[in-house]
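Trainee: One file: structure35.cif (mmCIF, C-alpha atoms).
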```
data_structure
loop_
_atom_site.label_atom_id
_atom_site.label_comp_id
_atom_site.auth_asym_id
_atom_site.auth_seq_id
_atom_site.Cartn_x
_atom_site.Cartn_y
_atom_site.Cartn_z
CA MET A 1 -48.56 41.29 77.77
CA SER A 2 -47.72 42.15 74.18
CA ARG A 3 -48.59 39.68 71.44
CA ALA A 4 -46.45 41.45 68.82
CA GLU A 5 -43.73 39.46 67.09
CA ILE A 6 -40.61 41.10 65.67
CA VAL A 7 -39.88 39.29 62.41
CA GLN A 8 -36.69 39.43 60.37
CA SER A 9 -38.08 39.95 56.86
CA ALA A 10 -41.07 41.38 55.05
CA ASP A 11 -41.70 37.95 53.55
CA ALA A 12 -42.05 36.46 57.03
CA ALA A 13 -44.31 39.34 58.00
CA VAL A 14 -46.92 38.55 55.31
CA ALA A 15 -46.64 34.76 55.49
CA GLY A 16 -50.01 33.08 55.73
CA VAL A 17 -52.14 35.67 53.91
CA GLU A 18 -54.85 33.56 52.32
CA ASP A 19 -56.48 33.83 48.90
CA GLY A 20 -59.66 35.89 49.16
CA SER A 21 -58.49 37.91 52.18
CA THR A 22 -59.59 41.47 52.85
CA VAL A 23 -56.43 43.54 53.30
CA LEU A 24 -56.39 47.08 54.68
CA VAL A 25 -53.46 48.98 53.16
CA GLY A 26 -52.24 52.20 54.74
CA GLY A 27 -51.15 55.28 52.85
CA PHE A 28 -52.50 58.54 51.50
CA GLY A 29 -51.28 58.33 47.94
CA LEU A 30 -47.63 57.35 48.37
CA ALA A 31 -47.30 58.89 51.84
CA GLY A 32 -47.12 56.16 54.46
CA MET A 33 -47.52 53.30 52.00
CA PRO A 34 -45.98 50.04 53.27
CA PHE A 35 -43.95 49.37 50.12
CA ASP A 36 -41.88 46.47 51.49
CA LEU A 37 -44.93 44.63 52.81
CA ILE A 38 -46.76 45.04 49.50
CA ASP A 39 -43.76 43.79 47.53
CA ALA A 40 -43.57 40.80 49.87
CA LEU A 41 -47.28 40.14 49.37
CA ILE A 42 -46.71 40.05 45.62
CA ARG A 43 -43.97 37.47 46.12
CA GLN A 44 -46.16 35.54 48.57
CA GLY A 45 -48.74 34.97 45.87
CA ALA A 46 -52.14 35.44 47.57
CA ARG A 47 -54.89 36.08 45.00
CA ASP A 48 -58.50 37.24 44.79
CA LEU A 49 -57.82 39.91 47.40
CA THR A 50 -60.14 42.72 48.45
CA ILE A 51 -58.05 45.83 49.12
CA VAL A 52 -59.23 48.69 51.32
CA SER A 53 -57.17 51.85 50.95
CA ASN A 54 -57.53 55.58 50.40
CA ASN A 55 -56.36 55.34 46.78
CA ALA A 56 -56.31 52.62 44.13
CA GLY A 57 -52.59 52.84 43.48
CA ASN A 58 -50.09 55.39 42.18
CA GLY A 59 -47.65 54.95 39.34
CA ASP A 60 -46.24 51.45 39.06
CA VAL A 61 -45.12 50.95 42.67
CA GLY A 62 -46.68 49.78 45.92
CA LEU A 63 -50.39 49.11 45.67
CA ALA A 64 -50.36 49.74 41.91
CA ALA A 65 -47.81 46.93 41.52
CA LEU A 66 -50.08 44.57 43.45
CA LEU A 67 -52.97 45.44 41.12
CA ALA A 68 -50.76 45.02 38.05
CA ALA A 69 -49.79 41.53 39.26
CA GLY A 70 -53.44 40.49 38.97
CA ARG A 71 -53.84 39.68 42.66
CA VAL A 72 -56.76 42.00 43.47
CA ARG A 73 -60.43 41.25 42.81
CA LYS A 74 -61.97 44.34 44.39
CA VAL A 75 -60.92 47.75 45.73
CA LEU A 76 -62.75 49.83 48.35
CA CYS A 77 -61.36 53.35 48.31
CA SER A 78 -62.12 57.06 48.25
CA PHE A 79 -59.94 58.25 45.36
CA PRO A 80 -59.57 55.55 42.69
CA ARG A 81 -58.41 57.92 39.97
CA GLN A 82 -55.75 60.59 39.75
CA SER A 83 -53.07 61.59 37.24
CA ASP A 84 -50.92 58.52 37.99
CA SER A 85 -53.58 55.82 38.44
CA TRP A 86 -53.04 54.24 35.03
CA VAL A 87 -52.83 50.70 36.41
CA PHE A 88 -56.24 50.84 38.09
CA ASP A 89 -57.75 52.78 35.17
CA GLY A 90 -56.75 50.10 32.69
CA LEU A 91 -57.97 47.21 34.83
CA TYR A 92 -61.30 48.89 35.55
CA ARG A 93 -61.99 49.73 31.91
CA GLU A 94 -61.27 46.12 30.97
CA GLY A 95 -63.68 44.83 33.64
CA ARG A 96 -60.89 43.03 35.48
CA ILE A 97 -61.39 44.68 38.86
CA GLU A 98 -64.38 45.76 40.98
CA LEU A 99 -64.69 49.11 42.73
CA GLU A 100 -66.67 50.21 45.76
CA LEU A 101 -66.39 53.98 46.13
CA VAL A 102 -66.51 55.11 49.77
CA PRO A 103 -66.37 58.77 50.86
CA GLN A 104 -63.18 59.38 52.78
CA GLY A 105 -64.78 60.19 56.12
CA ASN A 106 -67.02 57.15 55.82
CA LEU A 107 -64.02 54.99 54.99
CA ALA A 108 -62.22 56.04 58.16
CA GLU A 109 -65.33 55.80 60.33
CA ARG A 110 -66.35 52.40 59.00
CA MET A 111 -62.93 51.03 59.93
CA ARG A 112 -63.03 52.78 63.28
CA ALA A 113 -66.43 51.19 63.91
CA ALA A 114 -64.94 47.76 63.20
CA GLY A 115 -62.19 48.37 65.72
CA ALA A 116 -64.61 49.71 68.33
CA GLY A 117 -67.08 46.84 67.98
CA ILE A 118 -69.86 49.06 66.62
CA GLY A 119 -72.41 47.09 64.60
CA ALA A 120 -73.47 49.93 62.28
CA PHE A 121 -74.03 53.69 62.32
CA TYR A 122 -76.03 56.36 60.51
CA CYS A 123 -74.20 58.99 58.46
CA PRO A 124 -75.51 61.83 56.24
CA THR A 125 -72.72 61.57 53.66
CA GLY A 126 -73.96 60.30 50.30
CA VAL A 127 -77.69 60.96 50.85
CA GLY A 128 -79.37 61.74 47.54
CA THR A 129 -76.45 60.47 45.45
CA PRO A 130 -75.80 57.18 43.62
CA LEU A 131 -73.82 56.08 46.68
CA ALA A 132 -77.11 55.76 48.56
CA GLU A 133 -78.39 53.00 46.30
CA GLY A 134 -79.38 49.90 48.26
CA LYS A 135 -78.70 51.47 51.65
CA GLU A 136 -81.23 51.92 54.43
CA GLU A 137 -82.19 55.57 54.89
CA ARG A 138 -83.57 57.12 58.06
CA GLU A 139 -84.59 60.62 59.11
CA ILE A 140 -83.26 61.76 62.49
CA ASP A 141 -84.14 65.21 63.84
CA GLY A 142 -85.17 66.33 60.39
CA ARG A 143 -81.99 65.20 58.64
CA ARG A 144 -81.60 62.19 56.33
CA TYR A 145 -79.00 59.54 57.09
CA LEU A 146 -77.72 56.33 55.53
CA LEU A 147 -76.95 53.17 57.45
CA GLU A 148 -73.26 52.24 57.11
CA TYR A 149 -71.60 49.02 58.21
CA PRO A 150 -68.07 48.47 59.56
CA ILE A 151 -65.17 47.53 57.32
CA LYS A 152 -63.07 44.83 58.97
CA GLY A 153 -59.87 43.42 57.52
CA ASP A 154 -58.38 39.98 57.76
CA TYR A 155 -55.02 41.76 57.57
CA ALA A 156 -53.78 45.33 57.82
CA LEU A 157 -50.50 46.31 56.18
CA ILE A 158 -49.31 49.66 57.51
CA ALA A 159 -46.14 51.70 57.86
CA ALA A 160 -45.04 53.47 61.04
CA HIS A 161 -41.92 55.41 61.97
CA ARG A 162 -40.71 53.61 65.09
CA ALA A 163 -41.75 50.60 67.17
CA ASP A 164 -40.50 49.13 70.38
CA THR A 165 -40.06 45.40 70.76
CA LEU A 166 -43.46 45.19 72.44
CA GLY A 167 -45.17 46.54 69.31
CA ASN A 168 -46.04 50.10 70.39
CA LEU A 169 -45.95 52.46 67.39
CA THR A 170 -45.19 56.08 66.59
CA TYR A 171 -45.70 57.70 63.19
CA ARG A 172 -44.02 60.41 61.17
CA LYS A 173 -46.12 63.42 60.16
CA THR A 174 -48.60 62.79 57.30
CA ALA A 175 -47.38 59.21 56.89
CA ARG A 176 -49.60 58.48 59.89
CA ASN A 177 -52.87 58.88 57.92
CA PHE A 178 -54.97 55.66 58.05
CA GLY A 179 -52.44 53.54 59.95
CA PRO A 180 -53.88 53.91 63.46
CA VAL A 181 -57.49 53.16 62.50
CA MET A 182 -56.52 50.24 60.26
CA ALA A 183 -54.47 48.71 63.07
CA THR A 184 -57.61 48.44 65.19
CA ALA A 185 -59.82 47.07 62.40
CA ALA A 186 -57.88 43.98 61.31
CA THR A 187 -57.60 40.50 62.73
CA THR A 188 -53.85 40.54 62.01
CA THR A 189 -51.94 43.82 61.86
CA VAL A 190 -48.56 43.81 60.14
CA VAL A 191 -46.31 46.86 60.40
CA GLN A 192 -43.11 47.95 58.71
CA VAL A 193 -41.09 50.54 60.61
CA ASP A 194 -37.91 52.55 60.11
CA GLU A 195 -36.53 51.63 63.52
CA VAL A 196 -37.14 49.16 66.36
CA VAL A 197 -36.11 50.18 69.88
CA GLU A 198 -36.16 48.53 73.27
CA PRO A 199 -39.06 49.11 75.71
CA GLY A 200 -38.67 52.58 77.18
CA GLY A 201 -37.13 53.90 73.98
CA LEU A 202 -40.39 55.57 72.92
CA ASP A 203 -41.93 58.54 74.68
CA PRO A 204 -45.19 57.09 76.05
CA GLU A 205 -46.96 60.36 75.22
CA ALA A 206 -45.99 59.92 71.54
CA VAL A 207 -47.30 56.36 71.16
CA VAL A 208 -50.31 56.44 68.84
CA THR A 209 -50.96 52.73 68.31
CA PRO A 210 -50.51 50.58 71.43
CA SER A 211 -49.06 47.12 71.09
CA ILE A 212 -52.35 45.33 71.73
CA HIS A 213 -53.37 46.18 68.15
CA VAL A 214 -50.11 44.95 66.58
CA ASP A 215 -49.22 41.37 65.60
CA ARG A 216 -46.05 41.52 63.49
CA VAL A 217 -43.35 44.17 63.11
CA VAL A 218 -40.48 44.25 60.61
CA ARG A 219 -37.79 46.85 60.19
CA ALA A 220 -37.52 48.11 56.60
CA GLN A 221 -35.60 50.90 54.91
CA ALA A 222 -37.91 53.85 54.30
CA ARG A 223 -38.71 54.38 50.61
CA ARG A 224 -40.25 57.53 49.22
CA TYR A 225 -41.32 58.10 45.64
CA THR A 226 -42.52 61.08 43.64
CA VAL A 227 -45.13 60.90 40.90
CA GLN A 228 -42.50 61.80 38.29
CA GLY A 229 -40.15 59.03 39.45
CA ALA A 230 -42.81 56.36 39.87
CA ARG A 231 -43.18 55.38 36.23
#
```
Would you write the structure of this file as structure tokens?

Mentor:
Amino acid sequence: MSRAEIVQSADAAVAGVEDGSTVLVGGFGLAGMPFDLIDALIRQGARDLTIVSNNAGNGDVGLAALLAAGRVRKVLCSFPRQSDSWVFDGLYREGRIELELVPQGNLAERMRAAGAGIGAFYCPTGVGTPLAEGKEEREIDGRRYLLEYPIKGDYALIAAHRADTLGNLTYRKTARNFGPVMATAATTTVVQVDEVVEPGGLDPEAVVTPSIHVDRVVRAQARRYTVQGAR
């Protein structure tokens, strides 16, 4: 039976997020970012958060707004800097935020490992670079590997296209990105969707994230930003 709860507001969806939580935040840049859930998290007030995401915020919206509110202690991401990352850039230069840089494939695989119950794995990415510092290295079949550990979240905040009332999810094109893997890697997965339908309203072949990985669902109006309009 599904454990997913359909809640009536984004504020209800993020209720209970504790100070110091590790929060996985979906999105590739602005694509697939759960804007309503992030705004609700700002209102909710949790502090000292560790954020795991592909980027460290864009413009002044979404994840960047959470950083600007002073709620984030540390960011684990693949692309912390781009042309519109002025919020993160300023905080990092001032020593007000920590960064752990994780290659994109490693980021996805470390979360997948958390969801699959894998204790650790060896990966060649980063060998011979500063990213290898402090990590166990091993040679396997003549190739050097680094030992990587899973990334597990207390919460995952993701956006999907449609959900049924059981919590099964479908995604829309590139907005899918990290959503499916994050849903498996968090203790509590919170999802904002464009539409909620009754059971049977989704094509079973199109369901990407089954309801067993979903805890809370809220319907929210889709918001899309461009870099030019973000500031």

Trainee: State, in Å with one decimal place, the distance from CA of Pro130 in chain A to CA of Asn177 in chain A.

Mentor: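 Calculated distance between CA of Pro130 in chain A and CA of Asn177 in chain A is 27.1 Å.
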
Trainee: CA of Leu101 in chain A and CA of Gly126 in chain A, how far apart in Å?

Mentor: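 These two atoms are separated by 10.7 Å.
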
Trainee: Nearest to Phe121 in chain A among A:Glu109, A:Asp48, A:Asp60, A:Glu198, with distances taken over only C-alpha atoms: which residue is it?

Mentor: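 Of A:Glu109, A:Asp48, A:Asp60, A:Glu198, the one nearest Phe121 in chain A is A:Glu109, counting only C-alpha atoms.
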
Trainee: What gap, in Å, lies between CA of Gly119 in chain A and CA of Ala160 in chain A?

Mentor: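 Result for CA of Gly119 in chain A versus CA of Ala160 in chain A: 28.3 Å, one decimal.
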
Trainee: As a list in words, please: the residues near Asp11 in chain A (cut-off 10 Å, all atoms listed in the file, same-chain neighbours under 5 positions excluded).

Mentor: Gly16, Asp36, Leu37, Ile38, Asp39, Ala40, Leu41, Ile42, Arg43, Gln44 and Val218 of chain A

Trainee: For a quick check of understanding, using all atoms listed in the file, which of A:Met111, A:Gly179, A:Pro80, A:Lys74 has the smallest distance to Ile97 in chain A?

Mentor: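 With all atoms listed in the file as the atom set, the closest residue is A:Lys74.
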
Trainee: Do a neighbour search on Pro103 in chain A at 9 Å with all atoms listed in the file, toss out local chain neighbours closer than 6 positions, and write the hits as a list in words.

Mentor: Cys77, Ser78, Phe79, Thr125, Gly126 and Leu131 of chain A

Trainee: Emit the selected residues as a PDB file, keeping the file's coordinate frame, including C-alpha atoms.

Mentor:
```
ATOM      1  CA  CYS A  77     -61.360  53.350  48.310  1.00  0.00           C
ATOM      2  CA  SER A  78     -62.120  57.060  48.250  1.00  0.00           C
ATOM      3  CA  PHE A  79     -59.940  58.250  45.360  1.00  0.00           C
ATOM      4  CA  THR A 125     -72.720  61.570  53.660  1.00  0.00           C
ATOM      5  CA  GLY A 126     -73.960  60.300  50.300  1.00  0.00           C
ATOM      6  CA  LEU A 131     -73.820  56.080  46.680  1.00  0.00           C
TER       7      LEU A 131
END
```

Trainee: Kindly extract all protein, DNA and RNA residues lying within 7 Å of the coordinates (-50.5, 36.4, 69.6) given in the file, considering only C-alpha atoms, and supply them as a VMD selection string.

Mentor: chain A and resid 3 to 4 215

Trainee: Spell out the residues picked by the PyMOL selection byres ((chain A and resi 143) around 12) here, as a PDB file with C-alpha atoms, in the frame of the given file.

Mentor:
```pdb
ATOM      1  CA  TYR A 122     -76.030  56.360  60.510  1.00  0.00           C
ATOM      2  CA  CYS A 123     -74.200  58.990  58.460  1.00  0.00           C
ATOM      3  CA  PRO A 124     -75.510  61.830  56.240  1.00  0.00           C
ATOM      4  CA  THR A 125     -72.720  61.570  53.660  1.00  0.00           C
ATOM      5  CA  VAL A 127     -77.690  60.960  50.850  1.00  0.00           C
ATOM      6  CA  GLY A 128     -79.370  61.740  47.540  1.00  0.00           C
ATOM      7  CA  GLU A 137     -82.190  55.570  54.890  1.00  0.00           C
ATOM      8  CA  ARG A 138     -83.570  57.120  58.060  1.00  0.00           C
ATOM      9  CA  GLU A 139     -84.590  60.620  59.110  1.00  0.00           C
ATOM     10  CA  ILE A 140     -83.260  61.760  62.490  1.00  0.00           C
ATOM     11  CA  ASP A 141     -84.140  65.210  63.840  1.00  0.00           C
ATOM     12  CA  GLY A 142     -85.170  66.330  60.390  1.00  0.00           C
ATOM     13  CA  ARG A 144     -81.600  62.190  56.330  1.00  0.00           C
ATOM     14  CA  TYR A 145     -79.000  59.540  57.090  1.00  0.00           C
ATOM     15  CA  LEU A 146     -77.720  56.330  55.530  1.00  0.00           C
TER      16      LEU A 146
END
```

Trainee: I'd like to know which of A:Leu157, A:Leu166, A:Leu91, A:Val52 is closest to Pro199 in chain A, using only C-alpha atoms.

Mentor: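 Of the candidates, the smallest distance to Pro199 in chain A is held by A:Leu166.
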
Trainee: Could you tell me which residues the PyMOL selection byres ((chain A and resi 191) around 7) grabs in this file, written as a PyMOL selection string?

Mentor: chain A and resi 157-160+189-190+192-193+216-218

Trainee: Produce the centre coordinates and the three edge lengths, each in Å to one decimal, of the box along x, y and z that contains all listed atoms of range 64-75 of chain A with 8 Å added on each side, as lines of an AutoDock Vina configuration file.

Mentor:
```
center_x = -54.9
center_y = 44.7
center_z = 41.9
size_x = 30.2
size_y = 26.1
size_z = 23.7
```

Trainee: I need the output of the PyMOL selection byres ((chain A and resi 207) around 10) for this file as a tab-separated table (two decimals) with C-alpha atoms, in the frame of the given file; which residues are they?

Mentor:
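Writing the result to selection29.tsv gives the following:
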```tsv
chain	number	residue	atom	x	y	z
A	162	ARG	CA	-40.71	53.61	65.09
A	163	ALA	CA	-41.75	50.60	67.17
A	164	ASP	CA	-40.50	49.13	70.38
A	168	ASN	CA	-46.04	50.10	70.39
A	169	LEU	CA	-45.95	52.46	67.39
A	170	THR	CA	-45.19	56.08	66.59
A	171	TYR	CA	-45.70	57.70	63.19
A	202	LEU	CA	-40.39	55.57	72.92
A	203	ASP	CA	-41.93	58.54	74.68
A	204	PRO	CA	-45.19	57.09	76.05
A	205	GLU	CA	-46.96	60.36	75.22
A	206	ALA	CA	-45.99	59.92	71.54
A	208	VAL	CA	-50.31	56.44	68.84
A	209	THR	CA	-50.96	52.73	68.31
A	210	PRO	CA	-50.51	50.58	71.43
A	211	SER	CA	-49.06	47.12	71.09
```

Trainee: Identify which of the residues A:Val214, A:Gly62, A:Asn54, A:Thr22 lies closest to Phe35 in chain A, counting all atoms listed in the file when measuring atom-to-atom distances.

Mentor: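 Ranked by minimum distance to Phe35 in chain A, first place goes to A:Gly62.
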
Trainee: Which is closer to Gly167 in chain A than all the others in A:Ala116, A:Ala46, A:Val7, A:Ala220, using all atoms listed in the file?

Mentor: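 Once distances to Gly167 in chain A are computed over all atoms listed in the file, the minimum belongs to A:Val7.
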
Trainee: My list of candidates is A:Pro150, A:Gly59, A:Gly45, A:Gly134. Which is closest to Arg112 in chain A when distances are computed with only C-alpha atoms?

Mentor: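 Of the candidates, the smallest distance to Arg112 in chain A is held by A:Pro150.
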
Trainee: Please reconstruct the missing atoms of range 78-89 of chain A (target: all heavy atoms) and return them as a PDB file, keeping the file's coordinate frame.

Mentor:
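Just written: out01.pdb:
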```pdb
ATOM      1  N   SER A  78     -61.503  55.752  48.411  1.00  0.00           N
ATOM      2  CA  SER A  78     -62.120  57.060  48.250  1.00  0.00           C
ATOM      3  C   SER A  78     -61.720  57.754  46.957  1.00  0.00           C
ATOM      4  O   SER A  78     -62.492  58.496  46.379  1.00  0.00           O
ATOM      5  CB  SER A  78     -61.750  57.965  49.440  1.00  0.00           C
ATOM      6  OG  SER A  78     -62.216  57.425  50.644  1.00  0.00           O
ATOM      7  N   PHE A  79     -60.459  57.561  46.541  1.00  0.00           N
ATOM      8  CA  PHE A  79     -59.940  58.250  45.360  1.00  0.00           C
ATOM      9  C   PHE A  79     -59.308  57.230  44.403  1.00  0.00           C
ATOM     10  O   PHE A  79     -58.095  57.039  44.401  1.00  0.00           O
ATOM     11  CB  PHE A  79     -58.894  59.302  45.774  1.00  0.00           C
ATOM     12  CG  PHE A  79     -59.481  60.428  46.566  1.00  0.00           C
ATOM     13  CD1 PHE A  79     -59.463  60.398  47.955  1.00  0.00           C
ATOM     14  CD2 PHE A  79     -60.060  61.515  45.932  1.00  0.00           C
ATOM     15  CE1 PHE A  79     -60.011  61.431  48.692  1.00  0.00           C
ATOM     16  CE2 PHE A  79     -60.616  62.554  46.663  1.00  0.00           C
ATOM     17  CZ  PHE A  79     -60.593  62.509  48.048  1.00  0.00           C
ATOM     18  N   PRO A  80     -60.122  56.581  43.583  1.00  0.00           N
ATOM     19  CA  PRO A  80     -59.570  55.550  42.690  1.00  0.00           C
ATOM     20  C   PRO A  80     -58.761  56.127  41.541  1.00  0.00           C
ATOM     21  O   PRO A  80     -57.891  55.455  41.004  1.00  0.00           O
ATOM     22  CB  PRO A  80     -60.815  54.830  42.172  1.00  0.00           C
ATOM     23  CG  PRO A  80     -61.900  55.860  42.260  1.00  0.00           C
ATOM     24  CD  PRO A  80     -61.586  56.673  43.472  1.00  0.00           C
ATOM     25  N   ARG A  81     -59.041  57.368  41.167  1.00  0.00           N
ATOM     26  CA  ARG A  81     -58.410  57.920  39.970  1.00  0.00           C
ATOM     27  C   ARG A  81     -57.708  59.227  40.281  1.00  0.00           C
ATOM     28  O   ARG A  81     -58.236  60.091  40.972  1.00  0.00           O
ATOM     29  CB  ARG A  81     -59.439  58.146  38.865  1.00  0.00           C
ATOM     30  CG  ARG A  81     -60.176  56.897  38.412  1.00  0.00           C
ATOM     31  CD  ARG A  81     -60.911  57.155  37.122  1.00  0.00           C
ATOM     32  NE  ARG A  81     -59.990  57.446  36.042  1.00  0.00           N
ATOM     33  CZ  ARG A  81     -60.261  58.270  35.024  1.00  0.00           C
ATOM     34  NH1 ARG A  81     -61.424  58.885  34.963  1.00  0.00           N
ATOM     35  NH2 ARG A  81     -59.365  58.482  34.076  1.00  0.00           N
ATOM     36  N   GLN A  82     -56.488  59.339  39.753  1.00  0.00           N
ATOM     37  CA  GLN A  82     -55.750  60.590  39.750  1.00  0.00           C
ATOM     38  C   GLN A  82     -54.780  60.539  38.571  1.00  0.00           C
ATOM     39  O   GLN A  82     -54.853  59.616  37.759  1.00  0.00           O
ATOM     40  CB  GLN A  82     -55.000  60.820  41.064  1.00  0.00           C
ATOM     41  CG  GLN A  82     -54.106  59.696  41.526  1.00  0.00           C
ATOM     42  CD  GLN A  82     -54.844  58.655  42.341  1.00  0.00           C
ATOM     43  OE1 GLN A  82     -55.770  58.958  43.065  1.00  0.00           O
ATOM     44  NE2 GLN A  82     -54.427  57.400  42.198  1.00  0.00           N
ATOM     45  N   SER A  83     -53.894  61.501  38.450  1.00  0.00           N
ATOM     46  CA  SER A  83     -53.070  61.590  37.240  1.00  0.00           C
ATOM     47  C   SER A  83     -52.169  60.383  37.038  1.00  0.00           C
ATOM     48  O   SER A  83     -51.747  60.104  35.913  1.00  0.00           O
ATOM     49  CB  SER A  83     -52.218  62.863  37.294  1.00  0.00           C
ATOM     50  OG  SER A  83     -51.345  62.833  38.414  1.00  0.00           O
ATOM     51  N   ASP A  84     -51.857  59.649  38.117  1.00  0.00           N
ATOM     52  CA  ASP A  84     -50.920  58.520  37.990  1.00  0.00           C
ATOM     53  C   ASP A  84     -51.566  57.185  38.318  1.00  0.00           C
ATOM     54  O   ASP A  84     -50.894  56.254  38.738  1.00  0.00           O
ATOM     55  CB  ASP A  84     -49.695  58.750  38.883  1.00  0.00           C
ATOM     56  CG  ASP A  84     -50.063  58.871  40.359  1.00  0.00           C
ATOM     57  OD1 ASP A  84     -51.268  59.005  40.659  1.00  0.00           O
ATOM     58  OD2 ASP A  84     -49.159  58.832  41.207  1.00  0.00           O
ATOM     59  N   SER A  85     -52.876  57.065  38.098  1.00  0.00           N
ATOM     60  CA  SER A  85     -53.580  55.820  38.440  1.00  0.00           C
ATOM     61  C   SER A  85     -53.803  54.944  37.213  1.00  0.00           C
ATOM     62  O   SER A  85     -54.820  54.264  37.096  1.00  0.00           O
ATOM     63  CB  SER A  85     -54.938  56.138  39.095  1.00  0.00           C
ATOM     64  OG  SER A  85     -55.778  56.850  38.203  1.00  0.00           O
ATOM     65  N   TRP A  86     -52.836  54.946  36.293  1.00  0.00           N
ATOM     66  CA  TRP A  86     -53.040  54.240  35.030  1.00  0.00           C
ATOM     67  C   TRP A  86     -53.233  52.734  35.193  1.00  0.00           C
ATOM     68  O   TRP A  86     -53.915  52.111  34.405  1.00  0.00           O
ATOM     69  CB  TRP A  86     -51.895  54.540  34.062  1.00  0.00           C
ATOM     70  CG  TRP A  86     -50.521  54.368  34.633  1.00  0.00           C
ATOM     71  CD1 TRP A  86     -49.838  53.206  34.814  1.00  0.00           C
ATOM     72  CD2 TRP A  86     -49.661  55.422  35.079  1.00  0.00           C
ATOM     73  NE1 TRP A  86     -48.611  53.454  35.359  1.00  0.00           N
ATOM     74  CE2 TRP A  86     -48.452  54.801  35.527  1.00  0.00           C
ATOM     75  CE3 TRP A  86     -49.773  56.808  35.142  1.00  0.00           C
ATOM     76  CZ2 TRP A  86     -47.378  55.529  36.031  1.00  0.00           C
ATOM     77  CZ3 TRP A  86     -48.699  57.541  35.647  1.00  0.00           C
ATOM     78  CH2 TRP A  86     -47.520  56.908  36.088  1.00  0.00           C
ATOM     79  N   VAL A  87     -52.657  52.147  36.228  1.00  0.00           N
ATOM     80  CA  VAL A  87     -52.830  50.700  36.410  1.00  0.00           C
ATOM     81  C   VAL A  87     -54.290  50.385  36.730  1.00  0.00           C
ATOM     82  O   VAL A  87     -54.924  49.546  36.072  1.00  0.00           O
ATOM     83  CB  VAL A  87     -51.906  50.160  37.519  1.00  0.00           C
ATOM     84  CG1 VAL A  87     -52.249  48.701  37.830  1.00  0.00           C
ATOM     85  CG2 VAL A  87     -50.447  50.277  37.106  1.00  0.00           C
ATOM     86  N   PHE A  88     -54.839  51.069  37.747  1.00  0.00           N
ATOM     87  CA  PHE A  88     -56.240  50.840  38.090  1.00  0.00           C
ATOM     88  C   PHE A  88     -57.147  51.201  36.920  1.00  0.00           C
ATOM     89  O   PHE A  88     -58.096  50.464  36.614  1.00  0.00           O
ATOM     90  CB  PHE A  88     -56.644  51.649  39.324  1.00  0.00           C
ATOM     91  CG  PHE A  88     -58.119  51.597  39.594  1.00  0.00           C
ATOM     92  CD1 PHE A  88     -58.683  50.505  40.246  1.00  0.00           C
ATOM     93  CD2 PHE A  88     -58.965  52.617  39.151  1.00  0.00           C
ATOM     94  CE1 PHE A  88     -60.050  50.438  40.458  1.00  0.00           C
ATOM     95  CE2 PHE A  88     -60.329  52.550  39.372  1.00  0.00           C
ATOM     96  CZ  PHE A  88     -60.870  51.459  40.029  1.00  0.00           C
ATOM     97  N   ASP A  89     -56.898  52.344  36.278  1.00  0.00           N
ATOM     98  CA  ASP A  89     -57.750  52.780  35.170  1.00  0.00           C
ATOM     99  C   ASP A  89     -57.869  51.705  34.105  1.00  0.00           C
ATOM    100  O   ASP A  89     -58.962  51.392  33.619  1.00  0.00           O
ATOM    101  CB  ASP A  89     -57.186  54.068  34.542  1.00  0.00           C
ATOM    102  CG  ASP A  89     -57.286  55.266  35.464  1.00  0.00           C
ATOM    103  OD1 ASP A  89     -57.872  55.136  36.549  1.00  0.00           O
ATOM    104  OD2 ASP A  89     -56.762  56.335  35.092  1.00  0.00           O
TER     105      ASP A  89
END
```
